[in-house]
>>> print(open('data-v7.cif').read())   # mmCIF, C-alpha atoms
data_data
loop_
_atom_site.label_atom_id
_atom_site.label_comp_id
_atom_site.auth_asym_id
_atom_site.auth_seq_id
_atom_site.Cartn_x
_atom_site.Cartn_y
_atom_site.Cartn_z
CA MET V 1 -63.17 290.91 -24.30
CA ARG V 2 -63.79 293.91 -22.08
CA ALA V 3 -61.05 292.83 -19.72
CA LEU V 4 -58.69 292.32 -22.63
CA ILE V 5 -59.25 295.87 -23.80
CA TRP V 6 -58.45 297.17 -20.30
CA PHE V 7 -55.35 294.99 -20.21
CA GLY V 8 -54.32 296.52 -23.52
CA VAL V 9 -54.96 300.01 -22.19
CA MET V 10 -52.79 299.32 -19.17
CA LEU V 11 -50.03 297.80 -21.28
CA LEU V 12 -49.97 300.95 -23.38
CA SER V 13 -50.04 303.12 -20.26
CA VAL V 14 -47.10 301.34 -18.66
CA SER V 15 -45.20 301.43 -21.92
CA LEU V 16 -45.85 305.18 -22.25
CA GLN V 17 -44.81 305.61 -18.63
CA SER V 18 -41.44 304.03 -19.32
CA THR V 19 -40.77 305.60 -22.73
CA VAL V 20 -42.55 308.88 -23.47
CA ILE V 21 -43.24 310.24 -19.99
CA PRO V 22 -39.56 310.47 -18.94
CA VAL V 23 -39.01 312.72 -21.96
CA LEU V 24 -41.83 315.00 -20.78
CA SER V 25 -40.50 315.38 -17.25
CA ILE V 26 -40.28 318.95 -16.01
CA GLY V 27 -37.55 319.70 -13.52
CA GLY V 28 -37.00 316.00 -12.98
CA ILE V 29 -40.63 315.48 -11.94
CA ARG V 30 -42.28 312.65 -13.84
CA PRO V 31 -46.02 312.22 -13.68
CA ASP V 32 -47.42 308.78 -12.89
CA PHE V 33 -49.35 308.30 -16.10
CA VAL V 34 -50.54 304.86 -15.01
CA LEU V 35 -52.13 306.41 -11.93
CA VAL V 36 -54.00 308.93 -14.07
CA VAL V 37 -55.26 306.13 -16.31
CA VAL V 38 -56.34 304.02 -13.33
CA VAL V 39 -58.35 306.92 -11.89
CA SER V 40 -60.10 307.52 -15.19
CA ALA V 41 -60.67 303.81 -15.78
CA ALA V 42 -62.24 303.50 -12.33
CA LEU V 43 -64.42 306.57 -12.88
CA THR V 44 -65.69 305.30 -16.22
CA GLY V 45 -65.72 301.55 -15.60
CA GLY V 46 -66.47 301.16 -11.91
CA ARG V 47 -64.64 299.47 -9.02
CA GLU V 48 -64.05 296.15 -10.78
CA THR V 49 -62.42 297.91 -13.71
CA GLY V 50 -60.56 300.15 -11.27
CA VAL V 51 -59.18 297.21 -9.33
CA LEU V 52 -58.36 295.29 -12.48
CA CYS V 53 -56.55 298.21 -14.11
CA GLY V 54 -54.88 299.29 -10.87
CA THR V 55 -53.64 295.82 -10.05
CA PHE V 56 -52.45 294.99 -13.53
CA GLY V 57 -50.90 298.38 -14.23
CA GLY V 58 -49.30 298.56 -10.79
CA LEU V 59 -48.03 295.00 -11.03
CA LEU V 60 -46.41 295.71 -14.41
CA GLN V 61 -44.82 298.85 -13.01
CA ASP V 62 -43.49 296.99 -9.99
CA LEU V 63 -42.15 294.11 -12.05
CA LEU V 64 -40.42 296.46 -14.48
CA SER V 65 -39.10 298.94 -11.96
CA SER V 66 -36.26 298.55 -9.52
CA GLY V 67 -38.17 300.02 -6.58
CA PRO V 68 -39.71 298.16 -3.67
CA PHE V 69 -42.09 295.54 -5.04
CA GLY V 70 -45.76 296.18 -4.36
CA ILE V 71 -45.79 299.93 -3.98
CA ASN V 72 -47.55 300.48 -7.26
CA THR V 73 -49.63 297.30 -7.19
CA LEU V 74 -51.14 297.95 -3.79
CA SER V 75 -51.55 301.69 -4.08
CA LYS V 76 -53.14 301.56 -7.53
CA MET V 77 -55.36 298.64 -6.67
CA LEU V 78 -56.70 300.49 -3.64
CA LEU V 79 -57.00 303.66 -5.69
CA GLY V 80 -58.97 301.85 -8.40
CA LEU V 81 -61.25 300.38 -5.77
CA ALA V 82 -61.81 303.67 -3.94
CA VAL V 83 -62.41 305.78 -7.06
CA GLY V 84 -64.55 303.04 -8.64
CA PHE V 85 -67.11 303.41 -5.86
CA TYR V 86 -68.02 306.81 -7.29
CA GLU V 87 -68.64 305.60 -10.83
CA ARG V 88 -72.43 305.79 -10.61
CA LYS V 89 -72.58 308.75 -8.25
CA VAL V 90 -70.95 311.32 -10.52
CA ASN V 91 -71.41 312.83 -13.94
CA GLN V 92 -68.71 311.07 -15.94
CA GLY V 93 -68.90 313.57 -18.78
CA ASN V 94 -67.72 316.43 -16.58
CA LEU V 95 -64.00 316.87 -17.25
CA LEU V 96 -63.51 318.61 -13.90
CA LEU V 97 -64.31 315.30 -12.23
CA PRO V 98 -61.05 313.49 -13.09
CA MET V 99 -59.12 316.61 -12.11
CA VAL V 100 -60.61 316.55 -8.62
CA ALA V 101 -60.31 312.77 -8.40
CA ILE V 102 -56.68 312.83 -9.45
CA VAL V 103 -55.79 315.21 -6.61
CA ALA V 104 -57.31 312.83 -4.06
CA GLY V 105 -55.84 309.89 -5.93
CA THR V 106 -52.31 311.31 -5.93
CA VAL V 107 -52.44 312.10 -2.24
CA GLY V 108 -53.97 308.70 -1.39
CA SER V 109 -51.45 306.86 -3.52
CA THR V 110 -48.59 308.76 -1.89
CA VAL V 111 -49.85 307.84 1.55
CA VAL V 112 -50.12 304.15 0.63
CA SER V 113 -46.66 304.26 -0.92
CA MET V 114 -45.29 305.81 2.27
CA VAL V 115 -46.80 303.02 4.36
CA ILE V 116 -45.30 300.35 2.12
CA MET V 117 -41.93 302.08 2.11
CA LEU V 118 -42.01 302.16 5.88
CA ALA V 119 -42.87 298.47 5.90
CA TYR V 120 -39.88 297.82 3.64
CA GLY V 121 -37.67 299.93 5.86
CA PHE V 122 -37.13 302.61 3.20
CA ALA V 123 -38.02 305.55 5.40
CA ASP V 124 -35.22 307.60 3.83
CA GLY V 125 -37.14 307.86 0.59
CA ILE V 126 -40.26 309.33 2.18
CA PRO V 127 -39.15 313.03 2.18
CA ALA V 128 -38.47 312.83 -1.56
CA LEU V 129 -41.89 311.26 -2.05
CA LEU V 130 -43.54 314.12 -0.17
CA LEU V 131 -41.49 316.76 -1.96
CA GLN V 132 -42.55 315.61 -5.39
CA MET V 133 -46.19 315.10 -4.45
CA LEU V 134 -47.26 318.70 -5.10
CA PRO V 135 -45.65 319.17 -8.54
CA MET V 136 -46.75 315.67 -9.50
CA THR V 137 -50.33 316.55 -8.57
CA ALA V 138 -50.16 319.61 -10.79
CA TYR V 139 -48.81 317.51 -13.63
CA HIS V 140 -51.53 314.90 -13.06
CA ILE V 141 -54.22 317.59 -13.19
CA LEU V 142 -52.93 318.60 -16.61
CA LEU V 143 -53.07 315.02 -17.85
CA ALA V 144 -56.37 314.09 -16.20
CA ALA V 145 -58.79 315.78 -18.60
CA PRO V 146 -57.34 314.46 -21.88
CA VAL V 147 -56.89 310.96 -20.46
CA HIS V 148 -60.45 310.97 -19.14
CA ALA V 149 -61.75 312.22 -22.49
CA ALA V 150 -59.92 309.32 -24.17
CA MET V 151 -61.45 306.86 -21.68
CA LEU V 152 -64.94 308.19 -22.31
CA TRP V 153 -64.35 307.91 -26.05
CA LEU V 154 -63.19 304.32 -25.61
CA LYS V 155 -66.21 303.51 -23.46
CA ARG V 156 -68.61 304.96 -26.04
CA ARG V 157 -66.88 303.09 -28.86
CA ARG V 158 -67.25 299.84 -26.96
CA ALA V 159 -70.91 300.62 -26.27
CA LEU V 160 -71.50 301.35 -29.94
CA ASN V 161 -69.77 298.21 -31.10
CA MET Z 162 -76.36 291.64 0.73
CA LYS Z 163 -74.64 293.67 -1.93
CA TRP Z 164 -71.26 293.68 -0.19
CA PHE Z 165 -70.92 289.93 -0.19
CA ASP Z 166 -71.70 289.25 -3.78
CA LYS Z 167 -69.39 287.34 -6.09
CA LYS Z 168 -67.58 290.41 -7.35
CA THR Z 169 -66.78 291.55 -3.85
CA VAL Z 170 -65.37 288.16 -2.99
CA VAL Z 171 -63.19 288.23 -6.09
CA LEU Z 172 -62.00 291.72 -5.24
CA CYS Z 173 -61.14 290.72 -1.70
CA ALA Z 174 -59.30 287.65 -2.96
CA ALA Z 175 -57.34 289.77 -5.41
CA PHE Z 176 -56.44 292.23 -2.70
CA ILE Z 177 -55.33 289.49 -0.32
CA THR Z 178 -53.27 287.83 -3.05
CA VAL Z 179 -51.52 291.03 -3.92
CA PHE Z 180 -50.98 291.84 -0.28
CA LEU Z 181 -49.44 288.44 0.32
CA LEU Z 182 -47.26 288.83 -2.75
CA VAL Z 183 -46.03 292.15 -1.47
CA VAL Z 184 -45.40 290.86 2.02
CA SER Z 185 -43.64 287.83 0.61
CA ALA Z 186 -41.50 290.00 -1.62
CA ALA Z 187 -40.63 292.23 1.27
CA ARG Z 188 -39.74 289.40 3.64
CA LEU Z 189 -37.85 287.23 1.20
CA GLN Z 190 -36.29 290.07 -0.77
CA ASN Z 191 -37.80 288.39 -3.80
CA ARG Z 192 -38.71 290.31 -6.96
CA TYR Z 193 -40.30 287.40 -8.83
CA PRO Z 194 -37.76 287.23 -11.66
CA LEU Z 195 -39.87 284.89 -13.77
CA MET Z 196 -42.86 287.22 -13.69
CA ALA Z 197 -40.61 290.21 -14.29
CA GLY Z 198 -39.12 288.46 -17.32
CA ILE Z 199 -42.56 287.72 -18.73
CA ALA Z 200 -43.68 291.31 -18.11
CA ALA Z 201 -40.57 292.64 -19.83
CA SER Z 202 -41.17 290.38 -22.81
CA ILE Z 203 -44.78 291.50 -23.10
CA MET Z 204 -43.81 295.14 -22.84
CA ALA Z 205 -40.89 294.97 -25.26
CA PRO Z 206 -42.82 295.55 -28.53
CA PHE Z 207 -44.82 298.38 -26.99
CA ASP Z 208 -41.69 299.94 -25.56
CA TYR Z 209 -39.98 299.59 -28.93
CA VAL Z 210 -42.76 301.53 -30.67
CA PHE Z 211 -43.13 304.16 -27.98
CA SER Z 212 -39.40 304.65 -27.56
CA GLY Z 213 -39.42 305.84 -31.18
CA VAL Z 214 -42.19 308.27 -30.29
CA ALA Z 215 -40.23 309.37 -27.22
CA GLY Z 216 -37.14 309.87 -29.36
CA GLY Z 217 -39.16 312.04 -31.72
CA ILE Z 218 -40.53 314.08 -28.84
CA GLN Z 219 -37.07 314.42 -27.37
CA GLN Z 220 -35.63 315.56 -30.68
CA GLY Z 221 -38.52 317.99 -31.08
CA THR Z 222 -37.93 319.31 -27.58
CA VAL Z 223 -34.22 319.72 -28.21
CA PHE Z 224 -34.92 321.39 -31.55
CA THR Z 225 -37.45 323.76 -29.98
CA ARG Z 226 -35.02 324.55 -27.19
CA ASP Z 227 -32.27 325.15 -29.71
CA VAL Z 228 -34.50 327.42 -31.75
CA ALA Z 229 -35.44 329.33 -28.61
CA THR Z 230 -31.77 329.58 -27.67
CA VAL Z 231 -30.82 330.76 -31.13
CA TYR Z 232 -33.67 333.28 -31.03
CA ARG Z 233 -32.52 334.60 -27.65
CA GLU Z 234 -28.92 334.75 -28.85
CA ASN Z 235 -30.05 336.50 -31.99
CA GLN Z 236 -31.94 339.10 -29.96
CA SER Z 237 -28.95 339.54 -27.69
CA LEU Z 238 -26.56 339.89 -30.63
CA ARG Z 239 -28.87 342.36 -32.35
CA THR Z 240 -28.90 344.50 -29.23
CA GLU Z 241 -25.14 344.20 -28.91
CA ASN Z 242 -24.76 345.04 -32.59
CA GLN Z 243 -26.87 348.16 -32.17
CA GLU Z 244 -24.84 349.21 -29.15
CA LEU Z 245 -21.58 348.60 -30.99
CA ARG Z 246 -22.83 350.51 -34.02
CA HIS Z 247 -23.64 353.40 -31.73
CA VAL Z 248 -20.18 353.20 -30.15
CA VAL Z 249 -18.54 353.04 -33.58
CA PHE Z 250 -20.60 356.02 -34.68
CA GLN Z 251 -19.52 357.97 -31.63
CA LEU Z 252 -15.88 357.00 -32.09
CA THR Z 253 -15.99 357.93 -35.77
CA GLU Z 254 -17.54 361.24 -34.84
CA LYS Z 255 -14.85 361.83 -32.22
CA ALA Z 256 -12.11 360.88 -34.67
CA ALA Z 257 -13.49 363.30 -37.26
CA GLU Z 258 -13.80 366.00 -34.65
CA ASN Z 259 -10.28 365.32 -33.46
CA GLU Z 260 -8.97 365.56 -37.01
CA ARG Z 261 -10.78 368.84 -37.60
CA LEU Z 262 -9.68 370.35 -34.33
CA GLN Z 263 -6.11 369.21 -34.91
CA ALA Z 264 -6.11 370.93 -38.31
CA MET Z 265 -7.61 374.05 -36.75
CA LEU Z 266 -4.99 374.00 -34.02
CA ASP Z 267 -2.20 373.66 -36.56
CA PHE Z 268 -3.68 376.53 -38.52
CA ARG Z 269 -3.92 378.68 -35.42
CA THR Z 270 -0.36 377.86 -34.44
CA LYS Z 271 0.89 378.85 -37.87
CA SER Z 272 -1.23 382.00 -38.04
CA VAL Z 273 0.85 383.88 -35.53
CA ALA Z 274 0.18 387.22 -37.16
CA PHE Z 275 -3.45 387.26 -36.08
CA GLN Z 276 -5.30 387.10 -32.83
CA MET Z 277 -8.09 384.61 -33.36
CA LYS Z 278 -11.15 383.44 -31.52
CA ALA Z 279 -12.28 379.88 -32.12
CA ALA Z 280 -16.00 379.44 -32.61
CA THR Z 281 -18.38 376.60 -33.30
CA VAL Z 282 -21.09 376.77 -35.92
CA ILE Z 283 -24.40 376.44 -34.10
CA GLY Z 284 -26.81 377.27 -36.88
CA ARG Z 285 -27.26 377.89 -40.56
CA ASP Z 286 -29.31 380.32 -42.53
CA PRO Z 287 -32.90 379.07 -42.56
CA GLY Z 288 -33.61 380.86 -45.83
CA THR Z 289 -33.01 379.51 -49.31
CA LEU Z 290 -31.41 382.52 -50.99
CA ASN Z 291 -28.88 383.63 -48.44
CA TYR Z 292 -25.87 381.89 -47.04
CA SER Z 293 -24.88 382.64 -43.50
CA ILE Z 294 -23.98 380.74 -40.35
CA LEU Z 295 -24.49 381.39 -36.68
CA ILE Z 296 -21.47 380.97 -34.41
CA ASN Z 297 -21.31 380.68 -30.65
CA GLN Z 298 -19.13 383.75 -30.04
CA GLY Z 299 -20.53 387.25 -29.70
CA THR Z 300 -19.83 390.70 -28.36
CA GLY Z 301 -18.92 389.29 -24.97
CA ASP Z 302 -16.09 387.36 -26.63
CA GLY Z 303 -14.73 390.38 -28.50
CA VAL Z 304 -16.44 389.64 -31.79
CA ARG Z 305 -17.43 392.72 -33.79
CA VAL Z 306 -19.19 393.40 -37.09
CA ASN Z 307 -17.05 393.00 -40.24
CA MET Z 308 -14.45 390.82 -38.56
CA PRO Z 309 -13.14 388.20 -41.02
CA VAL Z 310 -13.92 384.57 -40.40
CA VAL Z 311 -11.60 381.81 -41.59
CA THR Z 312 -10.85 378.12 -41.24
CA ASN Z 313 -7.65 376.23 -41.84
CA GLN Z 314 -8.92 375.70 -45.40
CA GLY Z 315 -9.34 379.38 -46.21
CA LEU Z 316 -11.61 382.38 -46.06
CA VAL Z 317 -15.19 381.80 -44.86
CA GLY Z 318 -16.73 385.27 -44.78
CA HIS Z 319 -17.22 388.10 -42.33
CA VAL Z 320 -19.33 388.88 -39.30
CA MET Z 321 -22.45 390.70 -40.43
CA GLU Z 322 -24.36 390.86 -37.15
CA VAL Z 323 -23.22 390.33 -33.62
CA PHE Z 324 -25.15 389.54 -30.47
CA PRO Z 325 -24.07 389.08 -26.84
CA GLY Z 326 -23.34 385.36 -27.17
CA THR Z 327 -23.57 384.67 -30.87
CA ALA Z 328 -22.74 386.21 -34.21
CA LYS Z 329 -24.04 385.84 -37.72
CA VAL Z 330 -21.42 385.31 -40.39
CA ARG Z 331 -22.12 386.08 -44.06
CA LEU Z 332 -20.44 383.40 -46.13
CA LEU Z 333 -18.31 384.28 -49.10
CA VAL Z 334 -20.70 382.38 -51.36
CA ASP Z 335 -23.59 384.67 -50.42
CA THR Z 336 -24.49 386.94 -53.33
CA GLY Z 337 -24.29 389.96 -51.02
CA SER Z 338 -20.73 389.15 -50.09
CA SER Z 339 -17.61 390.47 -51.81
CA ALA Z 340 -13.90 390.43 -51.14
CA ALA Z 341 -10.98 392.19 -52.78
CA ALA Z 342 -8.80 389.44 -54.20
CA MET Z 343 -5.70 388.78 -56.22
CA VAL Z 344 -3.98 385.94 -58.00
CA GLN Z 345 -1.38 384.39 -55.76
CA ARG Z 346 1.01 383.52 -58.59
CA PRO Z 347 3.99 385.95 -58.41
CA GLN Z 348 4.08 386.47 -62.18
CA SER Z 349 0.44 387.60 -62.26
CA ARG Z 350 -0.84 389.31 -59.07
CA ALA Z 351 -3.94 390.33 -61.07
CA VAL Z 352 -6.57 391.85 -58.81
CA GLY Z 353 -10.35 391.70 -58.83
CA ILE Z 354 -13.40 391.28 -56.63
CA VAL Z 355 -14.65 387.88 -55.56
CA GLU Z 356 -18.35 387.56 -54.87
CA GLY Z 357 -21.06 384.98 -54.57
CA ASN Z 358 -22.35 383.51 -57.79
CA PRO Z 359 -26.16 383.69 -57.96
CA SER Z 360 -26.33 380.96 -60.59
CA GLN Z 361 -24.11 378.43 -58.84
CA PHE Z 362 -23.68 378.14 -55.11
CA SER Z 363 -20.52 376.07 -55.17
CA ILE Z 364 -18.58 378.43 -57.47
CA LEU Z 365 -17.41 382.01 -56.71
CA ARG Z 366 -16.99 384.64 -59.34
CA MET Z 367 -13.98 386.92 -59.56
CA ARG Z 368 -14.93 389.97 -61.60
CA ASN Z 369 -13.25 393.17 -62.66
CA LEU Z 370 -10.29 391.31 -64.11
CA MET Z 371 -8.71 393.14 -67.04
CA ARG Z 372 -9.23 391.35 -70.35
CA ASP Z 373 -5.46 390.98 -70.70
CA GLY Z 374 -4.99 390.11 -67.03
CA ASP Z 375 -2.89 387.04 -66.38
CA VAL Z 376 -5.33 384.55 -64.93
CA ILE Z 377 -5.27 380.91 -65.83
CA LYS Z 378 -6.95 377.74 -64.63
CA GLY Z 379 -5.43 376.41 -61.46
CA ASP Z 380 -4.37 379.82 -60.14
CA LYS Z 381 -4.82 380.23 -56.41
CA ILE Z 382 -6.85 383.27 -55.46
CA MET Z 383 -6.32 385.03 -52.13
CA THR Z 384 -7.47 388.16 -50.43
CA SER Z 385 -5.60 391.28 -51.50
CA GLY Z 386 -6.05 393.19 -48.25
CA LEU Z 387 -7.84 396.03 -50.04
CA GLY Z 388 -11.32 396.96 -48.94
CA GLY Z 389 -10.63 397.09 -45.24
CA ILE Z 390 -12.38 393.89 -44.10
CA TYR Z 391 -10.22 390.93 -45.04
CA PRO Z 392 -6.53 390.83 -44.26
CA LYS Z 393 -4.18 390.07 -47.11
CA GLY Z 394 -3.16 386.53 -47.88
CA GLN Z 395 -6.26 384.53 -46.95
CA LEU Z 396 -6.87 381.72 -49.45
CA ILE Z 397 -10.18 382.01 -51.29
CA GLY Z 398 -9.99 379.23 -53.83
CA GLU Z 399 -8.74 378.01 -57.17
CA VAL Z 400 -9.59 379.19 -60.67
CA VAL Z 401 -11.55 376.58 -62.57
CA ASP Z 402 -12.55 378.67 -65.58
CA VAL Z 403 -11.96 382.07 -67.15
CA VAL Z 404 -14.70 383.71 -69.24
CA ASP Z 405 -14.79 387.07 -71.02
CA ASP Z 406 -17.32 389.59 -69.81
CA GLU Z 407 -20.00 390.24 -72.43
CA GLY Z 408 -19.14 393.29 -74.57
CA GLY Z 409 -16.60 394.67 -72.22
CA LEU Z 410 -12.95 395.04 -71.50
CA LEU Z 411 -13.09 392.78 -68.53
CA LYS Z 412 -13.26 389.09 -67.84
CA ASN Z 413 -14.39 386.87 -65.01
CA ALA Z 414 -12.73 383.95 -63.31
CA MET Z 415 -14.75 381.16 -61.84
CA ILE Z 416 -13.32 379.99 -58.56
CA ARG Z 417 -13.90 376.83 -56.63
CA PRO Z 418 -13.83 377.88 -52.97
CA ALA Z 419 -11.10 376.42 -50.78
CA VAL Z 420 -13.65 376.07 -48.00
CA ASP Z 421 -16.40 373.49 -48.18
CA PHE Z 422 -19.19 375.75 -47.00
CA SER Z 423 -21.67 372.95 -46.57
CA ARG Z 424 -19.49 371.22 -43.99
CA ILE Z 425 -18.15 374.00 -41.82
CA GLU Z 426 -18.28 373.09 -38.12
CA GLU Z 427 -15.56 375.16 -36.48
CA VAL Z 428 -14.20 378.56 -37.54
CA PHE Z 429 -11.85 381.26 -36.33
CA VAL Z 430 -12.87 384.89 -36.04
CA ILE Z 431 -9.88 387.13 -36.71
CA LEU Z 432 -10.07 389.70 -33.94
CA GLY Z 433 -7.16 391.68 -35.33
CA GLU Z 434 -3.49 391.56 -36.07
CA ARG Z 435 -1.37 390.37 -33.21
CA ASN Z 436 0.19 393.78 -32.48
CA GLN Z 437 -3.11 395.66 -32.67
CA ALA Z 438 -5.65 393.18 -31.32
CA ARG Z 439 -8.95 394.61 -30.26
CA PRO Z 440 -9.93 394.24 -26.61
#
>>> encode(input="data-v7.cif", output="structure tokens")
Amino acid sequence: MRALIWFGVMLLSVSLQSTVIPVLSIGGIRPDFVLVVVVSAALTGGRETGVLCGTFGGLLQDLLSSGPFGINTLSKMLLGLAVGFYERKVNQGNLLLPMVAIVAGTVGSTVVSMVIMLAYGFADGIPALLLQMLPMTAYHILLAAPVHAAMLWLKRRRALN
Amino acid sequence: MKWFDKKTVVLCAAFITVFLLVVSAARLQNRYPLMAGIAASIMAPFDYVFSGVAGGIQQGTVFTRDVATVYRENQSLRTENQELRHVVFQLTEKAAENERLQAMLDFRTKSVAFQMKAATVIGRDPGTLNYSILINQGTGDGVRVNMPVVTNQGLVGHVMEVFPGTAKVRLLVDTGSSAAAMVQRPQSRAVGIVEGNPSQFSILRMRNLMRDGDVIKGDKIMTSGLGGIYPKGQLIGEVVDVVDDEGGLLKNAMIRPAVDFSRIEEVFVILGERNQARP
């Protein structure tokens, strides 16, 4: 049941990423909403939840996008795993936490994406990836707190029920 | 050993599977069309719902942007409107000034018998009972006390005080002002004295007219040249009413001045006749 809820969350995230988020792009920069959700899911649910959400969300993104397959799956899975390690070491209620985590998460995800792009032989796309990293991080910081608050709400609801 | 528990094994297996999938996709240029089709089918209803939301957001964004654009344009047009109003005001003012000055110039050209000095009204009497104006010509410009002041419309008054750069002109409508006058009509030529009317600023009174004097409504009244201040032939106004003097042998004529005293802006000071102009 718990896994199903996370699957549902990731389905919604990917759907939002492909429908609403492009409308909210600023200067052509689109935030990776799925990444923000994975970071929050990992912070609130732990490494298993992080890996589950990262893998599923990333896989959906890769399957639905026209980019190199695996960029999102691998980077988000690793991100979910890495952030999930801190689940019990931090105060989850602090909304500054996802903001800090998302900065590290965006940078880490970009690095992983660069490695995969190199492996695919798409080195030409790396400068663009680096150029959009900073504005994307800023955008992610804006999204991090509300998304994390929603995750905490969801977690409490599940605990209550 | 915590790191080798069941969950860790599952995580490692998942990671390896994904890694192999990625490597396989990269090597074989394979995008797993079957899986992609399933994913697209699963996502379709969600995308359908959220695309409506996205459309709403987009419309809202466009609307907000349009409102902001309209607001900016409105501000810009308001500013432009104010500037244009100011320009129109200035142009209207210039046109009026041009018209006045043209009329004054025509008058001056026609009045060849007199040497005149053009002057601009720079002030008006601050009191409430007296009517005088301050002009920007004084002793340094040849202006002297008792010199007549006229416009192209007619007689204005005379210089009552003169200073180095300015002069004060007593208007004909002032109650202390008087001018020897006569009816212009050749059949009449009745004479009298025109003075300010204390009961009505806009109307002059011509007194000392004989009861049987030939004065009728519509007669033009001009200076008679008697009295030594005003030269003969300057238009004063038009008779609007004739009333008998109480218990006397005389009658009065009410005259509407030819000059609109409330709107005088430029005047001429008559320095003298052309052949005997003062220095």
>>> residues_around(input="data-v7.cif", residues="segment 65-71 of chain V", least_positions_apart="4", cutoff="6 Å", atoms="all atoms listed in the file", output="number ranges by chain")
V: 61, 113; Z: 183
>>> closest_atom_pairs(input="data-v7.cif", of="chain Z", to="chain V", cutoff="8 Å", atoms="only C-alpha atoms", output="tab-separated table")
residue	atom	partner	partner_atom	distance
Z:Lys168	CA	V:Glu48	CA	7.6
Z:Leu172	CA	V:Glu48	CA	7.4
Z:Phe176	CA	V:Met77	CA	7.6
Z:Val179	CA	V:Leu74	CA	6.9
Z:Phe180	CA	V:Leu74	CA	7.0
Z:Leu182	CA	V:Gly70	CA	7.7
Z:Val183	CA	V:Gly70	CA	5.0
Z:Ala186	CA	V:Phe69	CA	6.5
Z:Ala187	CA	V:Tyr120	CA	6.1
Z:Arg192	CA	V:Phe69	CA	6.5
Z:Tyr193	CA	V:Leu63	CA	7.7
Z:Met196	CA	V:Leu63	CA	7.1
Z:Ala197	CA	V:Leu63	CA	4.8
Z:Ala200	CA	V:Leu60	CA	6.4
Z:Ala201	CA	V:Leu64	CA	6.6
Z:Met204	CA	V:Ser15	CA	6.5
Z:Phe207	CA	V:Ser15	CA	5.9
Z:Asp208	CA	V:Ser15	CA	5.3
Z:Phe211	CA	V:Thr19	CA	5.9
Z:Ser212	CA	V:Thr19	CA	5.1
Z:Val214	CA	V:Val20	CA	6.9
Z:Ala215	CA	V:Val20	CA	4.4
Z:Ile218	CA	V:Val23	CA	7.2
Z:Gln219	CA	V:Val23	CA	6.0
>>> closest_residue(input="data-v7.cif", among="Z:Asp267, Z:Asp373, Z:Asp380, Z:Asp405", to="Gln314 of chain Z", atoms="only C-alpha atoms")
Z:Asp267
>>> resolve_selection(input="data-v7.cif", expression="the PyMOL selection byres ((chain V and resi 108) around 12)", output="PyMOL selection string")
chain V and resi 35+39+72+74-83+101-107+109-115+130+133+137
>>> write_last_selection(input="data-v7.cif", atoms="C-alpha atoms", output="PDB file, in the frame of the given file")
ATOM      1  CA  LEU V  35     -52.130 306.410 -11.930  1.00  0.00           C
ATOM      2  CA  VAL V  39     -58.350 306.920 -11.890  1.00  0.00           C
ATOM      3  CA  ASN V  72     -47.550 300.480  -7.260  1.00  0.00           C
ATOM      4  CA  LEU V  74     -51.140 297.950  -3.790  1.00  0.00           C
ATOM      5  CA  SER V  75     -51.550 301.690  -4.080  1.00  0.00           C
ATOM      6  CA  LYS V  76     -53.140 301.560  -7.530  1.00  0.00           C
ATOM      7  CA  MET V  77     -55.360 298.640  -6.670  1.00  0.00           C
ATOM      8  CA  LEU V  78     -56.700 300.490  -3.640  1.00  0.00           C
ATOM      9  CA  LEU V  79     -57.000 303.660  -5.690  1.00  0.00           C
ATOM     10  CA  GLY V  80     -58.970 301.850  -8.400  1.00  0.00           C
ATOM     11  CA  LEU V  81     -61.250 300.380  -5.770  1.00  0.00           C
ATOM     12  CA  ALA V  82     -61.810 303.670  -3.940  1.00  0.00           C
ATOM     13  CA  VAL V  83     -62.410 305.780  -7.060  1.00  0.00           C
ATOM     14  CA  ALA V 101     -60.310 312.770  -8.400  1.00  0.00           C
ATOM     15  CA  ILE V 102     -56.680 312.830  -9.450  1.00  0.00           C
ATOM     16  CA  VAL V 103     -55.790 315.210  -6.610  1.00  0.00           C
ATOM     17  CA  ALA V 104     -57.310 312.830  -4.060  1.00  0.00           C
ATOM     18  CA  GLY V 105     -55.840 309.890  -5.930  1.00  0.00           C
ATOM     19  CA  THR V 106     -52.310 311.310  -5.930  1.00  0.00           C
ATOM     20  CA  VAL V 107     -52.440 312.100  -2.240  1.00  0.00           C
ATOM     21  CA  SER V 109     -51.450 306.860  -3.520  1.00  0.00           C
ATOM     22  CA  THR V 110     -48.590 308.760  -1.890  1.00  0.00           C
ATOM     23  CA  VAL V 111     -49.850 307.840   1.550  1.00  0.00           C
ATOM     24  CA  VAL V 112     -50.120 304.150   0.630  1.00  0.00           C
ATOM     25  CA  SER V 113     -46.660 304.260  -0.920  1.00  0.00           C
ATOM     26  CA  MET V 114     -45.290 305.810   2.270  1.00  0.00           C
ATOM     27  CA  VAL V 115     -46.800 303.020   4.360  1.00  0.00           C
ATOM     28  CA  LEU V 130     -43.540 314.120  -0.170  1.00  0.00           C
ATOM     29  CA  MET V 133     -46.190 315.100  -4.450  1.00  0.00           C
ATOM     30  CA  THR V 137     -50.330 316.550  -8.570  1.00  0.00           C
TER      31      THR V 137
END
>>> atom_distance(input="data-v7.cif", atom1="atom CA of Ile425 of chain Z", atom2="atom CA of Arg305 of chain Z")
20.4 Å
>>> resolve_selection(input="data-v7.cif", expression="the PyMOL selection byres ((chain Z and resi 427) around 9)", output="list in words")
Arg261, Leu262, Met265, Ala279, Ala280, Thr281, Val282, Ile296, Thr312, Ile425, Glu426, Val428 and Phe429 of chain Z
>>> resolve_selection(input="data-v7.cif", expression="the PyMOL selection byres ((chain Z and resi 384-389) around 10)", output="number ranges by chain")
Z: 307-308, 315-316, 339-345, 350-355, 382-383, 390-398
